[in-house]
2 protein chains.
Amino acid sequence: MSTLDLGVLISGRGSNLLSILHAIGAERLDARVRLVLSNRADAGGLVHAKARGVHTAVLSHRDYASREAYDEALVATLREAGVTWVVLAGFMRIVTPVFLNAFPGRVINIHPSLLPAFPGVHSQAQALQYGVKIAGCTVHFVDSGTDTGPIISQTAVSVLDDDTEETLSARILSAEHTLLPRVLQWIAQGRVTLVPADENRRARVVIHQEE
Amino acid sequence: MSTLDLGVLISGRGSNLLSILHAIGAERLDARVRLVLSNRADAGGLVHAKARGVHTAVLSHRDYASREAYDEALVATLREAGVTWVVLAGFMRIVTPVFLNAFPGRVINIHPSLLPAFPGVHSQAQALQYGVKIAGCTVHFVDSGTDTGPIISQTAVSVLDDDTEETLSARILSAEHTLLPRVLQWIAQGRVTLVPADENRRARVVIHQEE
């Protein structure tokens with residue numbers, strides 16, 4: 001058991017950031033949010049972080065010549081803040097190997113679908129368009145693909161016949177707010193192991209029972 | 001409410017056929033199985049059908065020059081038996097438009113994944129290989145694609161860290177045995193409507209409340 005030193009990257013409202021902060025406040029999650037980092041100065045989540053005394057930083061990708069240069073700046077800022085685990089919580093940028101290699105096996109993402117279905121953007125609209133009856137959310141390790149990394153945990157939610165993108169998104173988001181802090185606590189408890197790929201399977205995640 | 005006149009197409013053990021026959025016997029499903037049709041003479045499901053006095057037929061695709069000729073023979077055999085709704089229950093053949101046009105909007109399939117994830121064969125192995133934490137099964141209307149038709153209902157099941165293809169398949173199959181008769185009873189009750197595609201969404205299924 002060790003307290004996680006989290007960096008949370010956001011681009012918007014930061015409701016998953018709030019769920020992390022609530023879980024820490026309620027002592028359901030043994031972690032500190034060392035830094036909230038946004039690529040947008042107007043991300044609503046920055047307001048929530050500041051109101052709770054959490055350090056924030058804004059680095060606009062527009063100020064950097066390349067994705068790699070931007071990621072180097074992100075890494076430097078996160079390291080300076082003492083971050084050892086990174087959560088992408090609605091961060092609308094693809095991170096490069098520069099970023100992933102700086103935090104090997106320590107970058108996770110939350111995505112509003114039952115991956116591998118509906119990767120990328122507008123997952124909830126994709127799910128409605130397809131007509132699935134079960135949707136959900138996924139927390140996974142980040143790799144160099146788009147929402148392709150090893151899955152840590154998933155939650156299924158029902159799709160209702162009268163759902164709109166807004167109502168379905170809200171139901172999925174509610175499940176995300178439970179799932180993400182729970183997965184982070186499993187990580188804090190040392191219960192999450194990434195099993196390397198072998199000839200039969202790609203890399204996958206095993207969750208150990210609580211001691 | 002009307003009694004469904006079912007044709008059930010199988011290629012193997014026919015455990016989903018058995019779940020239909022059990023549901024009919026228990027009066028949970030208002031249907032008659034008019035015919036069990038297999039493309040293989042050694043399909044285990046034929047034994048179960050005969051033991052229960054259900055008519056069976058075997059039509060080998062090898063006896064026909066084309067997929068279309070084979071499907072015409074299937075259609076003739078099913079019609080002769082009085083079949084109006086067709087269930088593909090582990091039938092390992094792709095049906096052509098010849099077949100689908102003969103039973104428009106009345107051919108359903110059960111598939112061992114949460115479609116659109118893991119279509120085609122070996123879905124359970126695909127799911128394990130990918131490392132999903134939630135798998136499941138889907139009942140859908142059949143269209144001319146492979147497992148692409150409008151979804152009627154789905155059931156999610158957990159994937160366990162020590163699952164093998166066999167244990168995961170068994171857990172999904174158990175969910176199929178509940179899902180398929182339930183969907184068929186919804187159809188018998190007239191509660192399943194296929195809503196045509198419009199500019200925003202492809203064709204999709206709505207389930208009406210019980211009266």
# chains A, B, ... in the order shown; residues from 1 in each chain; ligands from 1
>>> select_by_dssp(residues="stretch 34-94 of chain B", states="alpha helix (DSSP H)", output="number ranges by chain")
B: 44-51, 67-80
>>> closest_atom_pairs(of="chain A", to="chain B", cutoff="6 Å", atoms="only C-alpha atoms", output="Markdown table")
| residue | atom | partner | partner_atom | distance |
| --- | --- | --- | --- | --- |
| A:Ala117 | CA | B:Ala117 | CA | 5.4 |
| A:Gln129 | CA | B:Arg201 | CA | 5.0 |
| A:Gly131 | CA | B:Arg204 | CA | 5.6 |
| A:Lys133 | CA | B:Ser153 | CA | 5.8 |
| A:Ser153 | CA | B:Lys133 | CA | 5.8 |
| A:Gln154 | CA | B:Lys133 | CA | 5.9 |
| A:Asp161 | CA | B:Val206 | CA | 5.9 |
| A:Arg201 | CA | B:Gln129 | CA | 4.9 |
| A:Arg204 | CA | B:Gly131 | CA | 5.5 |
| A:Val206 | CA | B:Asp161 | CA | 5.8 |
>>> select_by_dssp(residues="stretch 66-161 of chain A", states="strand (DSSP E)", output="JSON, numbers by chain")
{"A": [85, 86, 87, 88, 107, 108, 109, 110, 111, 134, 135, 136, 137, 138, 139, 140, 141, 151, 152, 153, 154, 155, 156, 157, 158]}
>>> write_last_selection(atoms="N, CA, C and O atoms", output="mmCIF file, in the first residue's frame")
data_model
loop_
_atom_site.group_PDB
_atom_site.id
_atom_site.type_symbol
_atom_site.label_atom_id
_atom_site.label_comp_id
_atom_site.auth_asym_id
_atom_site.auth_seq_id
_atom_site.Cartn_x
_atom_site.Cartn_y
_atom_site.Cartn_z
ATOM 1 N N TRP A 85 2.105 8.805 -11.134
ATOM 2 C CA TRP A 85 1.049 8.136 -11.921
ATOM 3 C C TRP A 85 0.217 9.209 -12.616
ATOM 4 O O TRP A 85 -0.119 10.229 -12.013
ATOM 5 N N VAL A 86 -0.138 8.943 -13.862
ATOM 6 C CA VAL A 86 -0.860 9.932 -14.665
ATOM 7 C C VAL A 86 -2.232 9.385 -15.051
ATOM 8 O O VAL A 86 -2.348 8.243 -15.516
ATOM 9 N N VAL A 87 -3.248 10.212 -14.853
ATOM 10 C CA VAL A 87 -4.609 9.858 -15.253
ATOM 11 C C VAL A 87 -5.054 10.815 -16.353
ATOM 12 O O VAL A 87 -5.077 12.040 -16.143
ATOM 13 N N LEU A 88 -5.385 10.255 -17.510
ATOM 14 C CA LEU A 88 -6.004 11.058 -18.560
ATOM 15 C C LEU A 88 -7.514 11.018 -18.318
ATOM 16 O O LEU A 88 -8.143 9.980 -18.466
ATOM 17 N N VAL A 107 0.421 5.288 -16.963
ATOM 18 C CA VAL A 107 -0.524 6.242 -17.547
ATOM 19 C C VAL A 107 -1.818 5.495 -17.823
ATOM 20 O O VAL A 107 -1.834 4.492 -18.535
ATOM 21 N N ILE A 108 -2.920 5.963 -17.225
ATOM 22 C CA ILE A 108 -4.210 5.323 -17.468
ATOM 23 C C ILE A 108 -5.196 6.337 -18.052
ATOM 24 O O ILE A 108 -5.038 7.553 -17.897
ATOM 25 N N ASN A 109 -6.191 5.799 -18.723
ATOM 26 C CA ASN A 109 -7.206 6.619 -19.388
ATOM 27 C C ASN A 109 -8.575 6.066 -19.053
ATOM 28 O O ASN A 109 -8.741 4.863 -18.869
ATOM 29 N N ILE A 110 -9.557 6.946 -18.991
ATOM 30 C CA ILE A 110 -10.945 6.486 -18.860
ATOM 31 C C ILE A 110 -11.683 6.858 -20.128
ATOM 32 O O ILE A 110 -11.562 7.985 -20.632
ATOM 33 N N HIS A 111 -12.422 5.882 -20.665
ATOM 34 C CA HIS A 111 -13.065 6.047 -21.974
ATOM 35 C C HIS A 111 -14.539 5.640 -21.878
ATOM 36 O O HIS A 111 -14.850 4.599 -21.317
ATOM 37 N N ILE A 134 -26.326 -2.454 -24.626
ATOM 38 C CA ILE A 134 -25.448 -2.318 -23.468
ATOM 39 C C ILE A 134 -24.262 -1.449 -23.872
ATOM 40 O O ILE A 134 -23.587 -1.736 -24.863
ATOM 41 N N ALA A 135 -24.049 -0.384 -23.110
ATOM 42 C CA ALA A 135 -22.891 0.480 -23.319
ATOM 43 C C ALA A 135 -22.053 0.422 -22.045
ATOM 44 O O ALA A 135 -22.235 -0.485 -21.230
ATOM 45 N N GLY A 136 -21.148 1.372 -21.855
ATOM 46 C CA GLY A 136 -20.362 1.326 -20.636
ATOM 47 C C GLY A 136 -19.136 2.194 -20.694
ATOM 48 O O GLY A 136 -19.043 3.111 -21.530
ATOM 49 N N CYS A 137 -18.209 1.912 -19.780
ATOM 50 C CA CYS A 137 -16.957 2.666 -19.732
ATOM 51 C C CYS A 137 -15.807 1.737 -19.385
ATOM 52 O O CYS A 137 -16.011 0.645 -18.853
ATOM 53 N N THR A 138 -14.620 2.195 -19.715
ATOM 54 C CA THR A 138 -13.410 1.379 -19.603
ATOM 55 C C THR A 138 -12.279 2.214 -19.010
ATOM 56 O O THR A 138 -12.067 3.353 -19.438
ATOM 57 N N VAL A 139 -11.548 1.651 -18.055
ATOM 58 C CA VAL A 139 -10.276 2.227 -17.624
ATOM 59 C C VAL A 139 -9.173 1.316 -18.135
ATOM 60 O O VAL A 139 -9.230 0.093 -17.939
ATOM 61 N N HIS A 140 -8.212 1.903 -18.836
ATOM 62 C CA HIS A 140 -7.164 1.083 -19.432
ATOM 63 C C HIS A 140 -5.814 1.783 -19.350
ATOM 64 O O HIS A 140 -5.740 3.015 -19.229
ATOM 65 N N PHE A 141 -4.762 0.975 -19.403
ATOM 66 C CA PHE A 141 -3.423 1.537 -19.575
ATOM 67 C C PHE A 141 -3.331 2.147 -20.958
ATOM 68 O O PHE A 141 -3.907 1.624 -21.920
ATOM 69 N N ILE A 151 -6.834 -3.372 -20.866
ATOM 70 C CA ILE A 151 -7.985 -2.959 -20.065
ATOM 71 C C ILE A 151 -7.799 -3.371 -18.612
ATOM 72 O O ILE A 151 -7.464 -4.519 -18.323
ATOM 73 N N ILE A 152 -8.047 -2.425 -17.705
ATOM 74 C CA ILE A 152 -7.963 -2.722 -16.267
ATOM 75 C C ILE A 152 -9.336 -3.102 -15.729
ATOM 76 O O ILE A 152 -9.486 -4.085 -15.019
ATOM 77 N N SER A 153 -10.354 -2.330 -16.058
ATOM 78 C CA SER A 153 -11.698 -2.651 -15.578
ATOM 79 C C SER A 153 -12.732 -1.958 -16.455
ATOM 80 O O SER A 153 -12.422 -0.957 -17.122
ATOM 81 N N GLN A 154 -13.934 -2.516 -16.463
ATOM 82 C CA GLN A 154 -15.031 -1.977 -17.270
ATOM 83 C C GLN A 154 -16.322 -2.046 -16.467
ATOM 84 O O GLN A 154 -16.481 -2.901 -15.611
ATOM 85 N N THR A 155 -17.228 -1.145 -16.765
ATOM 86 C CA THR A 155 -18.576 -1.181 -16.196
ATOM 87 C C THR A 155 -19.582 -1.092 -17.334
ATOM 88 O O THR A 155 -19.442 -0.250 -18.221
ATOM 89 N N ALA A 156 -20.572 -1.972 -17.307
ATOM 90 C CA ALA A 156 -21.642 -1.964 -18.313
ATOM 91 C C ALA A 156 -22.818 -1.136 -17.819
ATOM 92 O O ALA A 156 -23.125 -1.139 -16.621
ATOM 93 N N VAL A 157 -23.465 -0.408 -18.717
ATOM 94 C CA VAL A 157 -24.715 0.297 -18.387
ATOM 95 C C VAL A 157 -25.730 0.017 -19.494
ATOM 96 O O VAL A 157 -25.369 -0.233 -20.646
ATOM 97 N N SER A 158 -26.995 0.067 -19.128
ATOM 98 C CA SER A 158 -28.060 -0.161 -20.098
ATOM 99 C C SER A 158 -28.206 1.032 -21.022
ATOM 100 O O SER A 158 -28.004 2.174 -20.612
#
>>> residues_around(residues="B:Asp42", least_positions_apart="6", cutoff="12 Å", atoms="only C-alpha atoms", output="PyMOL selection string")
chain B and resi 10-14+48+57-60
>>> write_last_selection(atoms="N, CA, C and O atoms", output="tab-separated table (two decimals), in the first residue's frame")
chain	number	residue	atom	x	y	z
B	10	ILE	N	-29.21	-25.09	-36.95
B	10	ILE	CA	-28.08	-25.43	-36.10
B	10	ILE	C	-26.98	-26.08	-36.93
B	10	ILE	O	-27.21	-26.54	-38.05
B	11	SER	N	-25.78	-26.09	-36.33
B	11	SER	CA	-24.68	-26.85	-36.93
B	11	SER	C	-24.02	-27.76	-35.91
B	11	SER	O	-23.18	-28.58	-36.28
B	12	GLY	N	-24.37	-27.57	-34.62
B	12	GLY	CA	-23.62	-28.30	-33.59
B	12	GLY	C	-24.52	-28.86	-32.50
B	12	GLY	O	-25.57	-29.42	-32.78
B	13	ARG	N	-24.09	-28.63	-31.26
B	13	ARG	CA	-24.74	-29.26	-30.11
B	13	ARG	C	-26.19	-28.85	-29.93
B	13	ARG	O	-26.99	-29.57	-29.34
B	14	GLY	N	-26.50	-27.64	-30.36
B	14	GLY	CA	-27.88	-27.19	-30.26
B	14	GLY	C	-28.33	-26.86	-28.85
B	14	GLY	O	-29.49	-27.04	-28.50
B	48	HIS	N	-31.30	-34.27	-29.86
B	48	HIS	CA	-32.20	-33.67	-28.85
B	48	HIS	C	-33.57	-33.40	-29.45
B	48	HIS	O	-34.60	-33.65	-28.81
B	57	ALA	N	-34.48	-31.83	-40.25
B	57	ALA	CA	-34.06	-32.02	-41.63
B	57	ALA	C	-32.58	-31.71	-41.71
B	57	ALA	O	-32.06	-30.90	-40.93
B	58	VAL	N	-31.90	-32.37	-42.62
B	58	VAL	CA	-30.49	-32.09	-42.87
B	58	VAL	C	-30.34	-31.73	-44.34
B	58	VAL	O	-30.79	-32.47	-45.23
B	59	LEU	N	-29.78	-30.56	-44.58
B	59	LEU	CA	-29.46	-30.16	-45.95
B	59	LEU	C	-27.99	-29.78	-45.97
B	59	LEU	O	-27.59	-28.81	-45.32
B	60	SER	N	-27.20	-30.56	-46.67
B	60	SER	CA	-25.77	-30.26	-46.71
B	60	SER	C	-25.47	-29.25	-47.82
B	60	SER	O	-25.89	-29.44	-48.96
>>> closest_residue(among="B:Gly44, B:Asp5, B:Ser123, B:Gly145", to="B:Arg79", atoms="only C-alpha atoms")
B:Asp5
>>> residues_around(residues="B:Val83", least_positions_apart="5", cutoff="7 Å", atoms="only C-alpha atoms", output="number ranges by chain")
B: 5-7, 34, 78
>>> write_last_selection(atoms="C-alpha atoms", output="PDB file, in the first residue's frame")
ATOM      1  CA  ASP B   5     -43.854 -20.937 -35.774  1.00  0.00           C
ATOM      2  CA  LEU B   6     -40.112 -21.326 -35.424  1.00  0.00           C
ATOM      3  CA  GLY B   7     -37.470 -22.854 -37.604  1.00  0.00           C
ATOM      4  CA  ARG B  34     -41.809 -26.507 -36.573  1.00  0.00           C
ATOM      5  CA  LEU B  78     -38.669 -24.221 -43.907  1.00  0.00           C
TER       6      LEU B  78
END
>>> residues_around(residues="A:Asp30", least_positions_apart="2", cutoff="9 Å", atoms="only C-alpha atoms", output="JSON, numbers by chain")
{"A": [1, 2, 3, 4, 23, 24, 27, 28, 32, 184, 185, 188, 189]}
>>> write_last_selection(atoms="C-alpha atoms", output="short mmCIF file (atom, residue, chain, number, x, y, z; two decimals), in the first residue's frame")
data_model
loop_
_atom_site.label_atom_id
_atom_site.label_comp_id
_atom_site.auth_asym_id
_atom_site.auth_seq_id
_atom_site.Cartn_x
_atom_site.Cartn_y
_atom_site.Cartn_z
CA MET A 1 0.00 0.00 0.00
CA SER A 2 1.41 3.35 -1.01
CA THR A 3 -0.08 6.76 -1.50
CA LEU A 4 -0.32 7.53 -5.21
CA ALA A 23 -12.80 9.67 -3.16
CA ILE A 24 -9.62 11.03 -1.58
CA GLU A 27 -10.69 8.19 2.34
CA ARG A 28 -11.79 5.69 -0.29
CA ARG A 32 -2.73 12.91 -3.57
CA LEU A 184 -6.95 3.92 -8.68
CA GLN A 185 -7.40 2.45 -5.22
CA ALA A 188 -2.60 2.12 -4.66
CA GLN A 189 -3.12 -1.26 -3.01
#
>>> residues_around(residues="B:Leu74", least_positions_apart="4", cutoff="12 Å", atoms="only C-alpha atoms", output="PyMOL selection string")
chain B and resi 7-9+35-39+57-61+64+67-70+78-81+83+86+93+95-96+98-100+102-103
>>> closest_atom_pairs(of="stretch 7-94 of chain A", to="stretch 174-182 of chain A", cutoff="9 Å", atoms="only C-alpha atoms", output="Markdown table")
| residue | atom | partner | partner_atom | distance |
| --- | --- | --- | --- | --- |
| A:Ser15 | CA | A:His177 | CA | 7.7 |
| A:Asn16 | CA | A:His177 | CA | 5.8 |
| A:Leu17 | CA | A:His177 | CA | 8.9 |
| A:Leu18 | CA | A:His177 | CA | 8.4 |
| A:Ser19 | CA | A:His177 | CA | 5.3 |
| A:Ile20 | CA | A:Pro181 | CA | 5.5 |
| A:Leu21 | CA | A:Pro181 | CA | 8.9 |
| A:His22 | CA | A:Pro181 | CA | 9.0 |
| A:Ala23 | CA | A:Pro181 | CA | 6.4 |
| A:Ile24 | CA | A:Pro181 | CA | 8.5 |
| A:Arg28 | CA | A:Pro181 | CA | 7.9 |
| A:Leu29 | CA | A:Pro181 | CA | 6.5 |
>>> atom_distance(atom1="atom CA of B:Ile94", atom2="atom CA of B:Val75")
13.9 Å
>>> atom_distance(atom1="atom CA of A:Glu166", atom2="atom CA of A:Gln124")
8.6 Å
>>> decode(residues="stretch 135-207 of chain B", atoms="C-alpha atoms", output="PDB file, in the first residue's frame")
ATOM      1  CA  ALA B 135     -18.009  -9.973 -22.379  1.00  0.00           C
ATOM      2  CA  GLY B 136     -21.513 -11.116 -23.258  1.00  0.00           C
ATOM      3  CA  CYS B 137     -23.966 -12.197 -25.893  1.00  0.00           C
ATOM      4  CA  THR B 138     -26.230 -10.520 -28.423  1.00  0.00           C
ATOM      5  CA  VAL B 139     -29.487 -11.411 -30.163  1.00  0.00           C
ATOM      6  CA  HIS B 140     -29.903  -9.451 -33.371  1.00  0.00           C
ATOM      7  CA  PHE B 141     -31.823  -9.360 -36.607  1.00  0.00           C
ATOM      8  CA  VAL B 142     -29.778 -10.835 -39.405  1.00  0.00           C
ATOM      9  CA  ASP B 143     -28.754  -8.662 -42.318  1.00  0.00           C
ATOM     10  CA  SER B 144     -26.402  -9.379 -45.177  1.00  0.00           C
ATOM     11  CA  GLY B 145     -23.275  -8.593 -43.125  1.00  0.00           C
ATOM     12  CA  THR B 146     -21.489 -10.810 -40.628  1.00  0.00           C
ATOM     13  CA  ASP B 147     -23.114 -10.183 -37.236  1.00  0.00           C
ATOM     14  CA  THR B 148     -23.944  -6.608 -38.213  1.00  0.00           C
ATOM     15  CA  GLY B 149     -27.754  -6.560 -38.022  1.00  0.00           C
ATOM     16  CA  PRO B 150     -29.893  -4.447 -35.675  1.00  0.00           C
ATOM     17  CA  ILE B 151     -29.469  -5.523 -32.043  1.00  0.00           C
ATOM     18  CA  ILE B 152     -32.560  -6.686 -30.140  1.00  0.00           C
ATOM     19  CA  SER B 153     -31.012  -7.406 -26.755  1.00  0.00           C
ATOM     20  CA  GLN B 154     -27.685  -8.080 -25.066  1.00  0.00           C
ATOM     21  CA  THR B 155     -26.463  -9.568 -21.800  1.00  0.00           C
ATOM     22  CA  ALA B 156     -23.127  -8.705 -20.206  1.00  0.00           C
ATOM     23  CA  VAL B 157     -21.050 -11.250 -18.285  1.00  0.00           C
ATOM     24  CA  SER B 158     -17.842 -10.830 -16.321  1.00  0.00           C
ATOM     25  CA  VAL B 159     -14.505 -12.083 -17.599  1.00  0.00           C
ATOM     26  CA  LEU B 160     -12.442 -13.579 -14.785  1.00  0.00           C
ATOM     27  CA  ASP B 161      -8.657 -13.350 -14.618  1.00  0.00           C
ATOM     28  CA  ASP B 162      -8.288 -17.135 -14.714  1.00  0.00           C
ATOM     29  CA  ASP B 163     -10.789 -17.686 -17.531  1.00  0.00           C
ATOM     30  CA  THR B 164      -9.910 -20.018 -20.356  1.00  0.00           C
ATOM     31  CA  GLU B 165     -11.766 -20.063 -23.650  1.00  0.00           C
ATOM     32  CA  GLU B 166     -13.780 -22.972 -22.235  1.00  0.00           C
ATOM     33  CA  THR B 167     -14.818 -21.330 -18.957  1.00  0.00           C
ATOM     34  CA  LEU B 168     -15.635 -18.004 -20.592  1.00  0.00           C
ATOM     35  CA  SER B 169     -17.612 -19.725 -23.349  1.00  0.00           C
ATOM     36  CA  ALA B 170     -19.620 -21.655 -20.757  1.00  0.00           C
ATOM     37  CA  ARG B 171     -20.475 -18.480 -18.841  1.00  0.00           C
ATOM     38  CA  ILE B 172     -21.563 -16.693 -22.012  1.00  0.00           C
ATOM     39  CA  LEU B 173     -23.567 -19.730 -23.167  1.00  0.00           C
ATOM     40  CA  SER B 174     -25.414 -19.782 -19.882  1.00  0.00           C
ATOM     41  CA  ALA B 175     -26.432 -16.162 -20.481  1.00  0.00           C
ATOM     42  CA  GLU B 176     -27.493 -17.046 -24.044  1.00  0.00           C
ATOM     43  CA  HIS B 177     -29.844 -19.699 -22.700  1.00  0.00           C
ATOM     44  CA  THR B 178     -31.728 -17.030 -20.759  1.00  0.00           C
ATOM     45  CA  LEU B 179     -31.515 -14.295 -23.377  1.00  0.00           C
ATOM     46  CA  LEU B 180     -32.730 -16.122 -26.494  1.00  0.00           C
ATOM     47  CA  PRO B 181     -36.052 -17.506 -25.187  1.00  0.00           C
ATOM     48  CA  ARG B 182     -36.777 -14.145 -23.551  1.00  0.00           C
ATOM     49  CA  VAL B 183     -36.281 -12.285 -26.831  1.00  0.00           C
ATOM     50  CA  LEU B 184     -38.430 -14.822 -28.678  1.00  0.00           C
ATOM     51  CA  GLN B 185     -41.216 -14.331 -26.140  1.00  0.00           C
ATOM     52  CA  TRP B 186     -40.983 -10.540 -26.656  1.00  0.00           C
ATOM     53  CA  ILE B 187     -41.415 -11.223 -30.373  1.00  0.00           C
ATOM     54  CA  ALA B 188     -44.409 -13.516 -29.694  1.00  0.00           C
ATOM     55  CA  GLN B 189     -45.918 -10.738 -27.598  1.00  0.00           C
ATOM     56  CA  GLY B 190     -45.521  -8.272 -30.457  1.00  0.00           C
ATOM     57  CA  ARG B 191     -43.204  -6.082 -28.373  1.00  0.00           C
ATOM     58  CA  VAL B 192     -40.234  -5.969 -30.769  1.00  0.00           C
ATOM     59  CA  THR B 193     -40.293  -3.239 -33.420  1.00  0.00           C
ATOM     60  CA  LEU B 194     -37.617  -2.628 -36.011  1.00  0.00           C
ATOM     61  CA  VAL B 195     -37.485   1.141 -36.540  1.00  0.00           C
ATOM     62  CA  PRO B 196     -36.303   1.974 -40.066  1.00  0.00           C
ATOM     63  CA  ALA B 197     -33.127   3.958 -40.576  1.00  0.00           C
ATOM     64  CA  ASP B 198     -33.366   7.733 -40.785  1.00  0.00           C
ATOM     65  CA  GLU B 199     -30.754  10.373 -41.522  1.00  0.00           C
ATOM     66  CA  ASN B 200     -29.311  10.226 -37.993  1.00  0.00           C
ATOM     67  CA  ARG B 201     -29.462   6.561 -37.153  1.00  0.00           C
ATOM     68  CA  ARG B 202     -29.387   3.242 -38.874  1.00  0.00           C
ATOM     69  CA  ALA B 203     -32.291   0.821 -38.388  1.00  0.00           C
ATOM     70  CA  ARG B 204     -32.703  -0.012 -34.712  1.00  0.00           C
ATOM     71  CA  VAL B 205     -34.873  -2.069 -32.423  1.00  0.00           C
ATOM     72  CA  VAL B 206     -37.321  -0.780 -29.822  1.00  0.00           C
ATOM     73  CA  ILE B 207     -38.827  -3.060 -27.171  1.00  0.00           C
TER      74      ILE B 207
END
